[in-house]
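Below is one structure, written out as structure tokens; the observations come after it.
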Amino acid sequence: MSRQAKRKQNPELIPWRLYVVVGFVFLLFVSLIARAAYIQIIEPDKLRHESDMRTLRTTSNQVQRGLITDRNGDMLAVSVPVRAVWADPKHAHDQKAFVDMRRWQALADVLQEPVDKLVNKVKRDPKKRFVYLKRQVTPAVADYIEQLKIGGIYLKSESRRYYPAGEIAAQLIGITNIDDVGIEGIENTYNTWLTGTPSKQKVRKSRDGSVVERLDIVQEGESSNDIVLSIDQRIQQLAYRELKRATETFQATSGSVVVIDVLTGEVLAMANTPSYNPNARDNLQSHRMRNRALTDTFEPGSTVKPFVVAAALEAGTVKSDELIPTSPGWMRIGGRQVRDSNNYGDMSLAKILVKSSNVGISKLALSMPVQQLLGTYQSMGLGNYSGINLTGESAGLIHDRRRWSDFERATLSFGYGFTATPLQLARMYATLGSGGVLYPVSILKLKEAPKGQQVLSEKVANDVMQMLVGVTEAGGTATKAHIDGYPIAGKTGTSRKAVAGGYGDDYVALFAGVAPVHNPRLAISVVINEPKGDKYYGGDVAGPAFAKIMSGALQMLNVEPISKREAIQMASAPRSAE
């Protein structure tokens, strides 16, 4: 019995159980191998794609818009970092962000928005994934919003354009929209140049958003470019201040000033009134944003008379020392009358300009073919674009027809029957100052002087310059434009504004000139539109502003006043107005 008991206590091996276990393990092993083979050989792309969807991201760096500076490096437009506040409505609902409304009230207060309006933006569509709450908030406001820790409310970086010069150069520099795209002025014209392209890179990120691997460059970025303008901010500020003072003093509708470097054609200042603050865009008005110096046209009046004299001298129909009879102070042309304020009798060319004689200048115009006069105007830049390459520039209007009546030819000589811009007028006088060389106008700082075109003989240009000196001296029409130490070759203009069927009671007061005559450096045009009151003549309204701008600008550029020897030489030159 004892042997039998011992035999029963030894475990017996059951073969079929072993086979089951081994078979199950074998099948499991085979299925794992089959599954691995299926994943890696037959269909690997699907899982790779799903993995990439969870980890691969395309990132881009932020590129700041280029700087705009004046010729001396002073900032005129700069981009400053700001933040945009946005919401993910789905996340906000998932995280029950609306439980604590005190946080929403604080958010509404700092964004200066009604809390109901703000909450409705997020609640309106719970499935939506993106909605802007506020653009371009300051870093301080952004830090406060972060501390509120409202679910579904996020911040992202962006930039905002800031203009240190404010209203002084607003129309010239222009502005950008909320997406940093230029929509006016330099910002618009050179938008592509100022705007860089962000580089895009494919990266692999971990669950917490950290970059663990940089894989590939999707798009090569392009850095933004800066722009250096020809503007001298000191002269720009001076021009705007004096222009604003003149328009306010004479209650004018608007005004423009253009300052051009005679030697290069660079624009050193271009100011307009009324202006606006480009840093406060809540109530922008289109009439304030227009760069009137190159968009608005007017009949230039007597400011073109020097170029009639130049055309006659070029045509050879008159000599520089010739006397022109103007007695009895008026003349009848084609049934119409042209008259002077007084009977000046026989007048030299200089006196015709000094006294602004309509009779004398009409006789000069009638002494030459009309195409000679029109050709001179056009060669000086009238009726054509200046080359400044700014959006909105007007070419002005000069009629080119076969038949002109004698009276129409006469009115052309004293600035009626065609239109020009303040920029064109300044360019014409710059051409006189450069010895008859017409330069393309540049708003960008030039590395070297451009090659100009000789449109007037140097002798004629210099002779006309000498004739114009008397305009700002005793007996001239613009004594208020006189500057001690800096002789000016300038001319006044007062033109009536055209209305339907003729001319109305509003005027444009003008003064344009070059200084100093012995060493021409600057050409300036001042246009005051619709001055009110008893004083509306160019010499009274635009002349004083011209004198202050010209004298201040010449001193800023360290242009020396005329010496006694040079003054004696000028006085002996044949420019007598007697």
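By order in the structure tokens, chains are A, B, ...; within a chain, residues start at 1; ligands start at 1, following the order shown.
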Each residue of region 283-370 of chain A lying at most 12 Å from region 419-431 of chain A should get a row with its shortest atom-to-atom pair and the distance in Å to one decimal, counting only C-alpha atoms; could you produce that, ordered by chain and increasing number, as a Markdown table?
| residue | atom | partner | partner_atom | distance |
| --- | --- | --- | --- | --- |
| A:Asn291 | CA | A:Pro422 | CA | 10.6 |
| A:Arg292 | CA | A:Pro422 | CA | 8.0 |
| A:Ala293 | CA | A:Pro422 | CA | 5.1 |
| A:Leu294 | CA | A:Thr421 | CA | 5.7 |
| A:Thr295 | CA | A:Thr421 | CA | 7.0 |
| A:Asp296 | CA | A:Thr421 | CA | 6.0 |
| A:Thr297 | CA | A:Thr421 | CA | 4.6 |
| A:Phe298 | CA | A:Thr419 | CA | 4.9 |
| A:Glu299 | CA | A:Thr419 | CA | 4.5 |
| A:Pro300 | CA | A:Ala420 | CA | 6.5 |
| A:Gly301 | CA | A:Thr419 | CA | 9.4 |
| A:Ser302 | CA | A:Leu425 | CA | 11.5 |
| A:Thr303 | CA | A:Leu425 | CA | 8.1 |
| A:Val304 | CA | A:Leu425 | CA | 8.4 |
| A:Lys305 | CA | A:Tyr429 | CA | 11.5 |
| A:Pro306 | CA | A:Tyr429 | CA | 9.3 |
| A:Phe307 | CA | A:Met428 | CA | 8.6 |
| A:Ala310 | CA | A:Met428 | CA | 11.8 |
Could the residues in this selection be written to a file with C-alpha atoms, as an mmCIF file, in the first residue's frame?
data_model
loop_
_atom_site.group_PDB
_atom_site.id
_atom_site.type_symbol
_atom_site.label_atom_id
_atom_site.label_comp_id
_atom_site.auth_asym_id
_atom_site.auth_seq_id
_atom_site.Cartn_x
_atom_site.Cartn_y
_atom_site.Cartn_z
ATOM 1 C CA ASN A 291 -0.659 114.630 -49.873
ATOM 2 C CA ARG A 292 -1.782 117.879 -51.502
ATOM 3 C CA ALA A 293 1.743 118.830 -52.529
ATOM 4 C CA LEU A 294 1.620 116.268 -55.326
ATOM 5 C CA THR A 295 -2.095 115.442 -55.753
ATOM 6 C CA ASP A 296 -3.782 118.868 -55.845
ATOM 7 C CA THR A 297 -3.450 121.097 -58.888
ATOM 8 C CA PHE A 298 -4.045 124.827 -59.311
ATOM 9 C CA GLU A 299 -3.511 127.565 -61.862
ATOM 10 C CA PRO A 300 -0.059 128.912 -60.918
ATOM 11 C CA GLY A 301 -0.732 132.569 -61.721
ATOM 12 C CA SER A 302 2.186 134.971 -61.950
ATOM 13 C CA THR A 303 4.714 132.446 -60.603
ATOM 14 C CA VAL A 304 5.257 131.268 -64.222
ATOM 15 C CA LYS A 305 6.128 134.723 -65.590
ATOM 16 C CA PRO A 306 9.893 134.186 -65.205
ATOM 17 C CA PHE A 307 9.622 131.196 -67.535
ATOM 18 C CA ALA A 310 13.124 132.644 -70.355
#
- Mind listing the helix (DSSP H, G or I) residues of region 166-301 of chain A, per DSSP on the backbone, as a VMD selection string? chain A and resid 166 to 173 185 to 189 191 to 194 233 to 249 286 to 289 292 to 295 301
- Message: Let me make sure I understand: among A:Val471, A:Leu172, A:Ala269, A:Ala350, which one has the smallest atom-to-atom distance to Val309 (chain A) if we use only C-alpha atoms?
- Response: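 Closest residue, counting only C-alpha atoms: A:Ala350.
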- Item | Residues near Asp180 (chain A), cut-off 8 Å, only C-alpha atoms, skip fewer than 3 positions along chain, as an NGL selection string | :A and (65 or 159-161 or 176-177)
- Task: Any chance you could list, as a PyMOL selection string, the residues in region 62-302 of chain A that come up strand (DSSP E or B) when DSSP is run on the backbone?
- Result: chain A and resi 68-69+75-87+131-137+153-162+176+182+197+200-205+211-219+222+227-229+254-261+266-273+298
Can I get the selected residues back with C-alpha atoms, as a tab-separated table (two decimals), in the first residue's frame?
chain	number	residue	atom	x	y	z
A	68	ILE	CA	11.76	104.61	-42.48
A	69	THR	CA	14.31	107.27	-41.56
A	75	MET	CA	13.18	107.75	-37.21
A	76	LEU	CA	10.04	108.53	-39.20
A	77	ALA	CA	8.35	105.11	-38.95
A	78	VAL	CA	9.22	102.20	-36.67
A	79	SER	CA	7.50	98.94	-35.72
A	80	VAL	CA	6.89	98.25	-32.03
A	81	PRO	CA	5.95	94.83	-30.55
A	82	VAL	CA	2.32	94.41	-29.44
A	83	ARG	CA	0.01	91.45	-28.80
A	84	ALA	CA	-3.30	90.26	-30.18
A	85	VAL	CA	-5.93	88.82	-27.83
A	86	TRP	CA	-7.87	85.88	-29.29
A	87	ALA	CA	-10.21	83.19	-28.08
A	131	VAL	CA	-11.96	84.68	-32.90
A	132	TYR	CA	-10.12	87.98	-32.35
A	133	LEU	CA	-11.07	89.90	-29.22
A	134	LYS	CA	-8.64	92.82	-29.59
A	135	ARG	CA	-5.71	93.61	-31.87
A	136	GLN	CA	-2.54	95.50	-31.06
A	137	VAL	CA	-2.73	95.71	-27.28
A	153	ILE	CA	-8.19	83.12	-24.03
A	154	TYR	CA	-4.77	83.38	-25.67
A	155	LEU	CA	-2.25	85.95	-26.89
A	156	LYS	CA	-0.11	86.08	-30.00
A	157	SER	CA	2.67	88.42	-31.03
A	158	GLU	CA	2.27	91.06	-33.73
A	159	SER	CA	3.63	94.55	-34.43
A	160	ARG	CA	2.25	98.04	-34.69
A	161	ARG	CA	3.60	100.96	-36.68
A	162	TYR	CA	4.59	104.06	-34.72
A	176	THR	CA	-0.33	100.93	-42.43
A	182	GLY	CA	0.91	100.08	-46.16
A	197	THR	CA	8.83	87.27	-45.73
A	200	LYS	CA	8.80	78.56	-42.46
A	201	GLN	CA	10.31	75.44	-40.90
A	202	LYS	CA	8.95	71.93	-40.30
A	203	VAL	CA	9.65	70.73	-36.75
A	204	ARG	CA	8.65	67.87	-34.48
A	205	LYS	CA	7.14	68.88	-31.15
A	211	VAL	CA	10.59	71.51	-30.32
A	212	VAL	CA	12.46	68.18	-30.20
A	213	GLU	CA	13.62	68.00	-33.82
A	214	ARG	CA	14.03	70.47	-36.70
A	215	LEU	CA	13.32	68.60	-39.90
A	216	ASP	CA	13.19	70.81	-42.95
A	217	ILE	CA	12.92	74.40	-44.20
A	218	VAL	CA	9.57	74.81	-45.96
A	219	GLN	CA	10.13	78.38	-47.15
A	222	GLU	CA	13.45	87.26	-46.70
A	227	ILE	CA	14.22	103.12	-46.40
A	228	VAL	CA	16.28	106.29	-46.07
A	229	LEU	CA	14.34	109.29	-47.35
A	254	SER	CA	-5.34	124.17	-46.87
A	255	GLY	CA	-1.71	124.71	-47.75
A	256	SER	CA	1.41	122.99	-49.07
A	257	VAL	CA	5.17	123.51	-48.94
A	258	VAL	CA	7.86	121.75	-50.97
A	259	VAL	CA	11.59	122.23	-50.41
A	260	ILE	CA	13.98	120.86	-53.08
A	261	ASP	CA	17.77	120.64	-53.10
A	266	GLU	CA	16.10	115.65	-53.61
A	267	VAL	CA	13.00	116.69	-51.66
A	268	LEU	CA	14.13	117.97	-48.26
A	269	ALA	CA	10.61	118.76	-47.02
A	270	MET	CA	7.05	118.20	-48.15
A	271	ALA	CA	4.39	119.45	-45.74
A	272	ASN	CA	0.62	119.92	-45.93
A	273	THR	CA	-2.19	121.35	-43.85
A	298	PHE	CA	-4.04	124.83	-59.31
Any chance you could tabulate, as a Markdown table, the residues of region 305-333 of chain A at most 8 Å from region 373-377 of chain A with each one's nearest atom pair and distance in Å to one decimal, using only C-alpha atoms, in chain and rising number order?
| residue | atom | partner | partner_atom | distance |
| --- | --- | --- | --- | --- |
| A:Phe307 | CA | A:Tyr377 | CA | 7.3 |
| A:Val308 | CA | A:Leu373 | CA | 6.6 |
| A:Ala311 | CA | A:Leu373 | CA | 5.9 |
| A:Ala312 | CA | A:Leu373 | CA | 7.9 |
- So which residues touch Lys96 (chain A) within 12 Å, counting only C-alpha atoms, skipping near sequence neighbours fewer than 4 positions away, as a ChimeraX atom specification? /A:89-92,100-101,123,126,150-152
- Please provide the set of residues having any atom within 10 Å of Pro328 (chain A), restricted to only C-alpha atoms, with same-chain residues fewer than 5 positions apart removed, written as JSON, numbers by chain. {"A": [339, 340, 342, 343, 344, 345, 346, 359]}
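In terms of minimum interatomic distance to Ala252 (chain A), A:Pro274 ranks closest within A:Pro274, A:Arg281, A:Leu444, A:Gly335, counting only C-alpha atoms.
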- Note on the structure: Among A:Glu314, A:Pro516, A:Lys127, A:Asp179, Asp94 (chain A) is approached most closely, using only C-alpha atoms, by A:Lys127
- Message: Can you measure CA of Ser224 (chain A) to CA of Leu194 (chain A) for me? One decimal in Å is fine.
- Response: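 CA of Ser224 (chain A) sits 5.3 Å away from CA of Leu194 (chain A).
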- Which distance in Å separates CA of Ile235 (chain A) and CA of Val508 (chain A), to one decimal? 23.8 Å
- Message: What does the structure give for the distance between CA of Gln466 (chain A) and CA of Ile488 (chain A), in Å to one decimal?
- Response: 9.2 Å
- Closest to Asp540 (chain A) among A:Ser405, A:Thr479, A:Asn558, A:Asn519, using only C-alpha atoms? A:Thr479
- Name the residues in contact with Met289 (chain A) at a cut-off of 10 Å, using only C-alpha atoms, excluding same-chain residues fewer than 5 positions from it; report them as number ranges by chain. A: 167, 170-172, 174-175, 184-185, 272-278, 284
Selected residues written out with N, CA and C atoms, as an mmCIF file, in the first residue's frame:
data_model
loop_
_atom_site.group_PDB
_atom_site.id
_atom_site.type_symbol
_atom_site.label_atom_id
_atom_site.label_comp_id
_atom_site.auth_asym_id
_atom_site.auth_seq_id
_atom_site.Cartn_x
_atom_site.Cartn_y
_atom_site.Cartn_z
ATOM 1 N N GLU A 167 2.030 114.366 -36.887
ATOM 2 C CA GLU A 167 1.330 115.053 -37.980
ATOM 3 C C GLU A 167 2.264 115.824 -38.905
ATOM 4 N N ALA A 170 2.810 113.391 -41.842
ATOM 5 C CA ALA A 170 1.818 112.313 -41.906
ATOM 6 C C ALA A 170 1.449 111.929 -43.334
ATOM 7 N N GLN A 171 1.139 112.912 -44.189
ATOM 8 C CA GLN A 171 0.692 112.579 -45.552
ATOM 9 C C GLN A 171 1.817 111.979 -46.386
ATOM 10 N N LEU A 172 3.044 112.402 -46.137
ATOM 11 C CA LEU A 172 4.168 111.889 -46.911
ATOM 12 C C LEU A 172 4.502 110.454 -46.503
ATOM 13 N N GLY A 174 2.618 108.349 -44.665
ATOM 14 C CA GLY A 174 1.455 107.484 -44.794
ATOM 15 C C GLY A 174 1.272 106.614 -43.561
ATOM 16 N N ILE A 175 0.437 105.597 -43.683
ATOM 17 C CA ILE A 175 0.140 104.694 -42.571
ATOM 18 C C ILE A 175 -0.011 103.262 -43.082
ATOM 19 N N GLU A 184 -1.123 104.127 -47.373
ATOM 20 C CA GLU A 184 -0.977 105.525 -47.785
ATOM 21 C C GLU A 184 0.506 105.872 -47.861
ATOM 22 N N GLY A 185 0.836 106.863 -48.687
ATOM 23 C CA GLY A 185 2.158 107.464 -48.712
ATOM 24 C C GLY A 185 3.300 106.499 -49.004
ATOM 25 N N ASN A 272 1.984 119.534 -45.549
ATOM 26 C CA ASN A 272 0.621 119.923 -45.927
ATOM 27 C C ASN A 272 -0.200 120.234 -44.685
ATOM 28 N N THR A 273 -1.156 121.121 -44.860
ATOM 29 C CA THR A 273 -2.188 121.355 -43.846
ATOM 30 C C THR A 273 -3.548 121.313 -44.540
ATOM 31 N N PRO A 274 -4.611 120.850 -43.872
ATOM 32 C CA PRO A 274 -4.587 120.282 -42.512
ATOM 33 C C PRO A 274 -3.963 118.900 -42.519
ATOM 34 N N SER A 275 -3.433 118.507 -41.350
ATOM 35 C CA SER A 275 -2.799 117.212 -41.238
ATOM 36 C C SER A 275 -3.554 116.353 -40.230
ATOM 37 N N TYR A 276 -2.966 115.236 -39.830
ATOM 38 C CA TYR A 276 -3.615 114.332 -38.880
ATOM 39 C C TYR A 276 -2.531 113.592 -38.096
ATOM 40 N N ASN A 277 -2.931 112.994 -36.993
ATOM 41 C CA ASN A 277 -1.995 112.217 -36.177
ATOM 42 C C ASN A 277 -2.079 110.746 -36.597
ATOM 43 N N PRO A 278 -1.041 110.220 -37.243
ATOM 44 C CA PRO A 278 -1.104 108.830 -37.720
ATOM 45 C C PRO A 278 -1.066 107.801 -36.595
ATOM 46 N N LEU A 284 -10.098 109.018 -38.674
ATOM 47 C CA LEU A 284 -9.339 109.484 -39.828
ATOM 48 C C LEU A 284 -10.263 110.090 -40.873
#
- Query: For Gly490 (chain A), which residue among A:Thr391, A:Gln454, A:Ser563, A:Ser356 is the nearest when counting only C-alpha atoms?
  - Reply: A:Ser356
